[in-house]
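Structure below is input.tsv: TSV, N, CA and C atoms.
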```
chain	number	residue	atom	x	y	z
A	1	MET	N	73.99	120.33	115.57
A	1	MET	CA	75.35	120.73	115.20
A	1	MET	C	75.87	119.90	114.03
A	2	ASP	N	75.38	118.66	113.83
A	2	ASP	CA	75.86	117.80	112.75
A	2	ASP	C	75.55	118.35	111.37
A	3	ASN	N	74.48	119.14	111.24
A	3	ASN	CA	74.11	119.66	109.93
A	3	ASN	C	74.85	120.93	109.56
A	4	GLN	N	75.57	121.52	110.51
A	4	GLN	CA	76.32	122.73	110.22
A	4	GLN	C	77.59	122.39	109.45
A	5	HIS	N	77.96	123.27	108.54
A	5	HIS	CA	79.17	123.07	107.76
A	5	HIS	C	80.16	124.18	108.04
A	6	SER	N	81.42	123.86	107.84
A	6	SER	CA	82.46	124.86	108.00
A	6	SER	C	83.47	124.71	106.88
A	7	CYS	N	84.18	125.78	106.65
A	7	CYS	CA	85.22	125.77	105.63
A	7	CYS	C	86.46	125.15	106.26
A	8	HIS	N	86.97	124.11	105.65
A	8	HIS	CA	88.07	123.33	106.21
A	8	HIS	C	89.32	123.48	105.36
A	9	HIS	N	90.45	123.67	106.01
A	9	HIS	CA	91.75	123.62	105.32
A	9	HIS	C	92.06	122.14	105.10
A	10	ILE	N	92.19	121.73	103.88
A	10	ILE	CA	92.45	120.32	103.56
A	10	ILE	C	93.79	119.91	104.17
A	11	PHE	N	94.81	120.71	103.97
A	11	PHE	CA	96.06	120.56	104.72
A	11	PHE	C	95.94	121.59	105.84
A	12	PRO	N	95.75	121.14	107.08
A	12	PRO	CA	95.48	122.06	108.18
A	12	PRO	C	96.50	123.19	108.32
A	13	ARG	N	95.99	124.34	108.74
A	13	ARG	CA	96.81	125.54	108.90
A	13	ARG	C	98.06	125.28	109.74
A	14	ASP	N	97.89	124.67	110.90
A	14	ASP	CA	99.01	124.40	111.79
A	14	ASP	C	100.04	123.49	111.11
A	15	TYR	N	99.56	122.48	110.43
A	15	TYR	CA	100.42	121.55	109.69
A	15	TYR	C	101.26	122.33	108.67
A	16	CYS	N	100.63	123.22	107.92
A	16	CYS	CA	101.32	124.00	106.89
A	16	CYS	C	102.34	124.96	107.49
A	17	GLU	N	101.93	125.64	108.56
A	17	GLU	CA	102.84	126.60	109.19
A	17	GLU	C	104.10	125.91	109.70
A	18	LYS	N	103.95	124.74	110.29
A	18	LYS	CA	105.10	124.01	110.81
A	18	LYS	C	106.05	123.54	109.70
A	19	ARG	N	105.56	123.49	108.48
A	19	ARG	CA	106.37	123.06	107.35
A	19	ARG	C	106.82	124.21	106.46
A	20	GLY	N	106.55	125.43	106.91
A	20	GLY	CA	107.01	126.61	106.20
A	20	GLY	C	106.26	126.91	104.90
A	21	ILE	N	105.06	126.38	104.76
A	21	ILE	CA	104.26	126.68	103.58
A	21	ILE	C	103.68	128.08	103.77
A	22	GLU	N	103.82	128.91	102.75
A	22	GLU	CA	103.39	130.30	102.89
A	22	GLU	C	101.88	130.42	103.03
A	23	LYS	N	101.47	131.39	103.85
A	23	LYS	CA	100.06	131.58	104.17
A	23	LYS	C	99.23	131.83	102.92
A	24	ALA	N	99.74	132.61	101.99
A	24	ALA	CA	98.98	132.91	100.77
A	24	ALA	C	98.61	131.63	100.02
A	25	LYS	N	99.42	130.60	100.17
A	25	LYS	CA	99.16	129.33	99.49
A	25	LYS	C	98.21	128.45	100.30
A	26	TYR	N	98.50	128.26	101.59
A	26	TYR	CA	97.67	127.33	102.37
A	26	TYR	C	96.31	127.92	102.75
A	27	ASP	N	96.17	129.24	102.66
A	27	ASP	CA	94.93	129.88	103.07
A	27	ASP	C	94.02	130.25	101.89
A	28	CYS	N	94.33	129.75	100.71
A	28	CYS	CA	93.52	130.08	99.54
A	28	CYS	C	92.53	128.95	99.23
A	29	ILE	N	91.67	129.19	98.26
A	29	ILE	CA	90.58	128.27	97.93
A	29	ILE	C	91.08	126.87	97.52
A	30	MET	N	92.26	126.77	96.96
A	30	MET	CA	92.77	125.45	96.55
A	30	MET	C	92.92	124.52	97.75
A	31	ASN	N	93.10	125.07	98.92
A	31	ASN	CA	93.30	124.25	100.12
A	31	ASN	C	92.09	124.27	101.04
A	32	LYS	N	90.92	124.58	100.50
A	32	LYS	CA	89.72	124.62	101.34
A	32	LYS	C	88.58	123.83	100.71
A	33	THR	N	87.74	123.28	101.58
A	33	THR	CA	86.52	122.62	101.15
A	33	THR	C	85.50	122.68	102.29
A	34	SER	N	84.26	122.44	101.96
A	34	SER	CA	83.20	122.47	102.96
A	34	SER	C	83.02	121.09	103.58
A	35	LEU	N	83.01	121.05	104.90
A	35	LEU	CA	82.82	119.80	105.64
A	35	LEU	C	81.85	120.04	106.78
A	36	SER	N	81.30	118.96	107.30
A	36	SER	CA	80.46	119.11	108.48
A	36	SER	C	81.33	119.59	109.64
A	37	TYR	N	80.71	120.31	110.54
A	37	TYR	CA	81.41	120.82	111.72
A	37	TYR	C	82.08	119.67	112.48
A	38	LYS	N	81.34	118.58	112.65
A	38	LYS	CA	81.85	117.42	113.39
A	38	LYS	C	83.10	116.84	112.74
A	39	THR	N	83.07	116.67	111.43
A	39	THR	CA	84.23	116.12	110.72
A	39	THR	C	85.41	117.07	110.80
A	40	ASN	N	85.15	118.35	110.65
A	40	ASN	CA	86.22	119.34	110.73
A	40	ASN	C	86.91	119.29	112.09
A	41	ARG	N	86.16	119.16	113.16
A	41	ARG	CA	86.75	119.09	114.50
A	41	ARG	C	87.55	117.79	114.69
A	42	MET	N	87.09	116.72	114.09
A	42	MET	CA	87.79	115.44	114.19
A	42	MET	C	89.17	115.50	113.52
A	43	ILE	N	89.25	116.23	112.43
A	43	ILE	CA	90.49	116.33	111.67
A	43	ILE	C	91.56	117.08	112.44
A	44	GLY	N	91.18	118.21	113.00
A	44	GLY	CA	92.12	118.98	113.82
A	44	GLY	C	93.34	119.44	113.06
A	45	ARG	N	94.50	119.19	113.62
A	45	ARG	CA	95.78	119.67	113.07
A	45	ARG	C	96.61	118.56	112.43
A	46	ASP	N	96.03	117.40	112.30
A	46	ASP	CA	96.77	116.25	111.79
A	46	ASP	C	97.09	116.37	110.30
A	47	ALA	N	98.13	115.67	109.90
A	47	ALA	CA	98.45	115.53	108.48
A	47	ALA	C	97.31	114.78	107.80
A	48	PRO	N	97.07	115.05	106.53
A	48	PRO	CA	96.01	114.33	105.84
A	48	PRO	C	96.11	112.81	105.94
A	49	SER	N	97.31	112.28	105.83
A	49	SER	CA	97.47	110.82	105.91
A	49	SER	C	96.99	110.28	107.25
A	50	VAL	N	97.13	111.07	108.30
A	50	VAL	CA	96.69	110.66	109.64
A	50	VAL	C	95.18	110.81	109.78
A	51	TYR	N	94.65	111.99	109.40
A	51	TYR	CA	93.21	112.19	109.61
A	51	TYR	C	92.36	111.35	108.67
A	52	LEU	N	92.87	111.00	107.51
A	52	LEU	CA	92.09	110.13	106.62
A	52	LEU	C	91.91	108.74	107.23
A	53	LYS	N	92.96	108.23	107.84
A	53	LYS	CA	92.87	106.93	108.53
A	53	LYS	C	91.85	107.00	109.68
A	54	LYS	N	91.91	108.12	110.43
A	54	LYS	CA	90.97	108.31	111.54
A	54	LYS	C	89.53	108.31	111.03
A	55	LEU	N	89.30	109.02	109.93
A	55	LEU	CA	87.95	109.10	109.37
A	55	LEU	C	87.46	107.71	108.93
A	56	GLU	N	88.36	106.94	108.32
A	56	GLU	CA	87.99	105.58	107.89
A	56	GLU	C	87.59	104.74	109.10
A	57	GLU	N	88.42	104.76	110.14
A	57	GLU	CA	88.18	103.94	111.33
A	57	GLU	C	86.92	104.37	112.08
A	58	ARG	N	86.77	105.67	112.32
A	58	ARG	CA	85.64	106.16	113.11
A	58	ARG	C	84.31	106.06	112.39
A	59	ASN	N	84.35	106.11	111.06
A	59	ASN	CA	83.11	106.06	110.29
A	59	ASN	C	82.86	104.70	109.63
A	60	GLY	N	83.81	103.77	109.82
A	60	GLY	CA	83.65	102.44	109.27
A	60	GLY	C	83.57	102.41	107.75
A	61	VAL	N	84.39	103.24	107.10
A	61	VAL	CA	84.42	103.26	105.63
A	61	VAL	C	85.78	102.80	105.15
A	62	SER	N	85.79	102.21	103.98
A	62	SER	CA	87.06	101.75	103.40
A	62	SER	C	87.80	102.93	102.78
A	63	ALA	N	89.08	102.72	102.53
A	63	ALA	CA	89.88	103.75	101.86
A	63	ALA	C	89.31	104.04	100.47
A	64	THR	N	88.80	103.03	99.80
A	64	THR	CA	88.22	103.21	98.47
A	64	THR	C	87.01	104.13	98.51
A	65	VAL	N	86.14	103.92	99.48
A	65	VAL	CA	84.94	104.76	99.62
A	65	VAL	C	85.36	106.19	99.95
A	66	LEU	N	86.29	106.35	100.87
A	66	LEU	CA	86.74	107.69	101.23
A	66	LEU	C	87.42	108.37	100.04
A	67	ASP	N	88.20	107.63	99.28
A	67	ASP	CA	88.83	108.20	98.08
A	67	ASP	C	87.78	108.70	97.10
A	68	ASP	N	86.70	107.96	96.94
A	68	ASP	CA	85.61	108.40	96.06
A	68	ASP	C	85.02	109.72	96.56
A	69	ILE	N	84.86	109.84	97.87
A	69	ILE	CA	84.33	111.07	98.46
A	69	ILE	C	85.31	112.22	98.22
A	70	LEU	N	86.59	111.98	98.44
A	70	LEU	CA	87.60	113.02	98.22
A	70	LEU	C	87.56	113.53	96.79
A	71	GLN	N	87.37	112.63	95.85
A	71	GLN	CA	87.34	113.03	94.44
A	71	GLN	C	86.14	113.92	94.13
A	72	THR	N	85.04	113.78	94.87
A	72	THR	CA	83.89	114.68	94.66
A	72	THR	C	84.22	116.10	95.11
A	73	HIS	N	85.26	116.25	95.91
A	73	HIS	CA	85.73	117.56	96.35
A	73	HIS	C	86.90	118.05	95.49
A	74	VAL	N	87.14	117.37	94.39
A	74	VAL	CA	88.22	117.69	93.46
A	74	VAL	C	89.57	117.64	94.18
A	75	ILE	N	89.77	116.56	94.93
A	75	ILE	CA	91.01	116.34	95.68
A	75	ILE	C	91.73	115.14	95.09
A	76	ASP	N	92.99	115.35	94.73
A	76	ASP	CA	93.81	114.26	94.22
A	76	ASP	C	94.17	113.32	95.36
A	77	VAL	N	93.73	112.09	95.24
A	77	VAL	CA	93.87	111.09	96.31
A	77	VAL	C	95.34	110.73	96.57
A	78	THR	N	96.10	110.53	95.53
A	78	THR	CA	97.50	110.11	95.70
A	78	THR	C	98.31	111.14	96.47
A	79	SER	N	98.20	112.39	96.09
A	79	SER	CA	99.02	113.43	96.74
A	79	SER	C	98.58	113.71	98.17
A	80	ILE	N	97.28	113.68	98.43
A	80	ILE	CA	96.83	113.95	99.80
A	80	ILE	C	97.22	112.81	100.73
A	81	ARG	N	97.11	111.59	100.26
A	81	ARG	CA	97.49	110.45	101.11
A	81	ARG	C	99.00	110.39	101.35
A	82	ALA	N	99.77	111.03	100.48
A	82	ALA	CA	101.23	111.09	100.63
A	82	ALA	C	101.67	112.37	101.36
A	83	ASP	N	100.70	113.18	101.80
A	83	ASP	CA	100.99	114.46	102.46
A	83	ASP	C	101.86	115.37	101.59
A	84	ASP	N	101.66	115.30	100.28
A	84	ASP	CA	102.44	116.11	99.33
A	84	ASP	C	101.65	117.37	98.98
A	85	PHE	N	101.84	118.42	99.76
A	85	PHE	CA	101.08	119.66	99.58
A	85	PHE	C	101.27	120.25	98.19
A	86	ASP	N	102.51	120.35	97.74
A	86	ASP	CA	102.76	121.01	96.45
A	86	ASP	C	102.08	120.29	95.29
A	87	GLU	N	102.17	118.97	95.26
A	87	GLU	CA	101.52	118.21	94.19
A	87	GLU	C	100.00	118.33	94.30
A	88	PHE	N	99.48	118.19	95.52
A	88	PHE	CA	98.04	118.35	95.77
A	88	PHE	C	97.57	119.71	95.26
A	89	PHE	N	98.28	120.76	95.65
A	89	PHE	CA	97.90	122.13	95.32
A	89	PHE	C	97.84	122.32	93.80
A	90	GLU	N	98.87	121.89	93.11
A	90	GLU	CA	98.94	122.10	91.66
A	90	GLU	C	97.87	121.28	90.93
A	91	LYS	N	97.66	120.04	91.34
A	91	LYS	CA	96.64	119.22	90.69
A	91	LYS	C	95.24	119.78	90.94
A	92	ARG	N	95.00	120.26	92.14
A	92	ARG	CA	93.68	120.82	92.43
A	92	ARG	C	93.49	122.15	91.71
A	93	ARG	N	94.53	122.95	91.63
A	93	ARG	CA	94.47	124.23	90.90
A	93	ARG	C	94.08	123.99	89.45
A	94	LEU	N	94.75	123.04	88.82
A	94	LEU	CA	94.46	122.74	87.41
A	94	LEU	C	93.06	122.16	87.22
A	95	ALA	N	92.64	121.29	88.14
A	95	ALA	CA	91.32	120.68	88.04
A	95	ALA	C	90.21	121.72	88.24
A	96	LEU	N	90.38	122.62	89.22
A	96	LEU	CA	89.38	123.66	89.43
A	96	LEU	C	89.34	124.63	88.25
A	97	LEU	N	90.50	124.97	87.72
A	97	LEU	CA	90.57	125.84	86.56
A	97	LEU	C	89.84	125.20	85.36
A	98	ALA	N	90.06	123.92	85.15
A	98	ALA	CA	89.39	123.21	84.05
A	98	ALA	C	87.87	123.23	84.24
A	99	MET	N	87.41	123.08	85.47
A	99	MET	CA	85.97	123.13	85.75
A	99	MET	C	85.41	124.51	85.43
A	100	ILE	N	86.11	125.54	85.83
A	100	ILE	CA	85.67	126.91	85.56
A	100	ILE	C	85.61	127.16	84.06
A	101	GLU	N	86.63	126.71	83.34
A	101	GLU	CA	86.65	126.89	81.90
A	101	GLU	C	85.49	126.16	81.22
A	102	ARG	N	85.17	124.95	81.69
A	102	ARG	CA	84.04	124.20	81.13
A	102	ARG	C	82.73	124.95	81.34
A	103	VAL	N	82.54	125.47	82.54
A	103	VAL	CA	81.30	126.19	82.85
A	103	VAL	C	81.20	127.48	82.03
A	104	MET	N	82.32	128.18	81.91
A	104	MET	CA	82.32	129.45	81.17
A	104	MET	C	82.29	129.24	79.65
A	105	GLY	N	82.73	128.07	79.22
A	105	GLY	CA	82.79	127.79	77.79
A	105	GLY	C	83.94	128.47	77.09
A	106	LYS	N	84.95	128.85	77.86
A	106	LYS	CA	86.14	129.47	77.27
A	106	LYS	C	87.32	129.35	78.21
A	107	LYS	N	88.50	129.55	77.66
A	107	LYS	CA	89.73	129.49	78.45
A	107	LYS	C	89.84	130.69	79.37
A	108	VAL	N	90.35	130.44	80.57
A	108	VAL	CA	90.64	131.51	81.52
A	108	VAL	C	92.07	131.97	81.26
A	109	GLU	N	92.23	133.26	81.10
A	109	GLU	CA	93.59	133.77	80.82
A	109	GLU	C	94.11	134.60	81.95
```
Whole structure given in structure tokens:
Amino acid sequence: MDNQHSCHHIFPRDYCEKRGIEKAKYDCIMNKTSLSYKTNRMIGRDAPSVYLKKLEERNGVSATVLDDILQTHVIDVTSIRADDFDEFFEKRRLALLAMIERVMGKKVE
């Protein structure tokens, strides 16, 4: 089961619904990434600031190491650790768009 991956809401669905974030926003690709099944279950419905601490403690990794991992998923560390969905969403949207434009070799319009 550890090798299986699942699509994870970076800001969990339940967390977003309780804060009135619209489904079209929290359920799109900007708020998703691939994680191991085990990690996804550990995160549950917690705010990012809560589940990141849990991941550090349970896996014995520093915040710096975890931040490096988050950045490989194109996740802005400052906004996710502050539970700032709107800032996280916009920064990730722009970063993913820039990656797509680099790969395509042209601007996306």
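From CA of Arg81 (chain A) back to CA of Ala47 (chain A), the distance works out to 9.0 Å.
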Given the point (82.5, 121.8, 106.3) in the file's coordinates, find the residues that have an atom at most 7 Å from it, counting all atoms listed in the file, and give them as a PyMOL selection string.
chain A and resi 4-8+33-37+40
DSSP on the backbone: which residues in chain A end up as strand (DSSP E)? Give the answer as a PyMOL selection string.
chain A and resi 5-9+32-36
I'd like a table as JSON lines: residues in region 18-79 of chain A with an atom no more than 12 Å from region 83-105 of chain A, each row giving the shortest atom pair and its distance in Å to one decimal, only C-alpha atoms counted, sorted by chain and rising residue number.
```
{"residue": "A:Arg19", "atom": "CA", "partner": "A:Phe85", "partner_atom": "CA", "distance": 10.0}
{"residue": "A:Gly20", "atom": "CA", "partner": "A:Phe85", "partner_atom": "CA", "distance": 11.3}
{"residue": "A:Ile21", "atom": "CA", "partner": "A:Phe85", "partner_atom": "CA", "distance": 8.7}
{"residue": "A:Glu22", "atom": "CA", "partner": "A:Asp86", "partner_atom": "CA", "distance": 11.3}
{"residue": "A:Lys25", "atom": "CA", "partner": "A:Phe89", "partner_atom": "CA", "distance": 8.4}
{"residue": "A:Tyr26", "atom": "CA", "partner": "A:Phe89", "partner_atom": "CA", "distance": 8.8}
{"residue": "A:Asp27", "atom": "CA", "partner": "A:Phe89", "partner_atom": "CA", "distance": 11.4}
{"residue": "A:Cys28", "atom": "CA", "partner": "A:Phe89", "partner_atom": "CA", "distance": 10.0}
{"residue": "A:Ile29", "atom": "CA", "partner": "A:Arg93", "partner_atom": "CA", "distance": 9.0}
{"residue": "A:Met30", "atom": "CA", "partner": "A:Arg93", "partner_atom": "CA", "distance": 6.0}
{"residue": "A:Asn31", "atom": "CA", "partner": "A:Phe89", "partner_atom": "CA", "distance": 7.0}
{"residue": "A:Lys32", "atom": "CA", "partner": "A:Phe89", "partner_atom": "CA", "distance": 10.5}
{"residue": "A:Thr33", "atom": "CA", "partner": "A:Arg92", "partner_atom": "CA", "distance": 11.4}
{"residue": "A:Asp46", "atom": "CA", "partner": "A:Asp83", "partner_atom": "CA", "distance": 10.4}
{"residue": "A:Ala47", "atom": "CA", "partner": "A:Asp83", "partner_atom": "CA", "distance": 6.6}
{"residue": "A:Pro48", "atom": "CA", "partner": "A:Asp83", "partner_atom": "CA", "distance": 6.0}
{"residue": "A:Ser49", "atom": "CA", "partner": "A:Asp83", "partner_atom": "CA", "distance": 6.1}
{"residue": "A:Val50", "atom": "CA", "partner": "A:Asp83", "partner_atom": "CA", "distance": 9.2}
{"residue": "A:Tyr51", "atom": "CA", "partner": "A:Asp83", "partner_atom": "CA", "distance": 10.8}
{"residue": "A:Leu52", "atom": "CA", "partner": "A:Asp83", "partner_atom": "CA", "distance": 10.7}
{"residue": "A:Leu70", "atom": "CA", "partner": "A:Arg92", "partner_atom": "CA", "distance": 11.5}
{"residue": "A:Gln71", "atom": "CA", "partner": "A:Arg92", "partner_atom": "CA", "distance": 10.2}
{"residue": "A:Thr72", "atom": "CA", "partner": "A:Ala95", "partner_atom": "CA", "distance": 11.6}
{"residue": "A:His73", "atom": "CA", "partner": "A:Arg92", "partner_atom": "CA", "distance": 9.4}
{"residue": "A:Val74", "atom": "CA", "partner": "A:Arg92", "partner_atom": "CA", "distance": 6.4}
{"residue": "A:Ile75", "atom": "CA", "partner": "A:Arg92", "partner_atom": "CA", "distance": 6.1}
{"residue": "A:Asp76", "atom": "CA", "partner": "A:Phe88", "partner_atom": "CA", "distance": 6.1}
{"residue": "A:Val77", "atom": "CA", "partner": "A:Phe88", "partner_atom": "CA", "distance": 8.4}
{"residue": "A:Thr78", "atom": "CA", "partner": "A:Phe88", "partner_atom": "CA", "distance": 8.3}
{"residue": "A:Ser79", "atom": "CA", "partner": "A:Asp84", "partner_atom": "CA", "distance": 5.1}
```
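Going from CA of Asp14 (chain A) to CA of Gly44 (chain A) covers 9.0 Å.
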Taking the DSSP assignment computed from this structure's backbone, write out as an MDAnalysis selection string all residues of chain A that belong to alpha helix (DSSP H).
chainID A and resid 13:18 23:26 37:43 48:59 63:72 77:81 85:104
Atom N of Leu66 (chain A) to atom N of Lys38 (chain A) measures 17.7 Å
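Nearest residue to Ile43 (chain A), choosing from A:Ala63, A:Asp68, A:Val108, A:Leu55 and counting all atoms listed in the file: A:Leu55.
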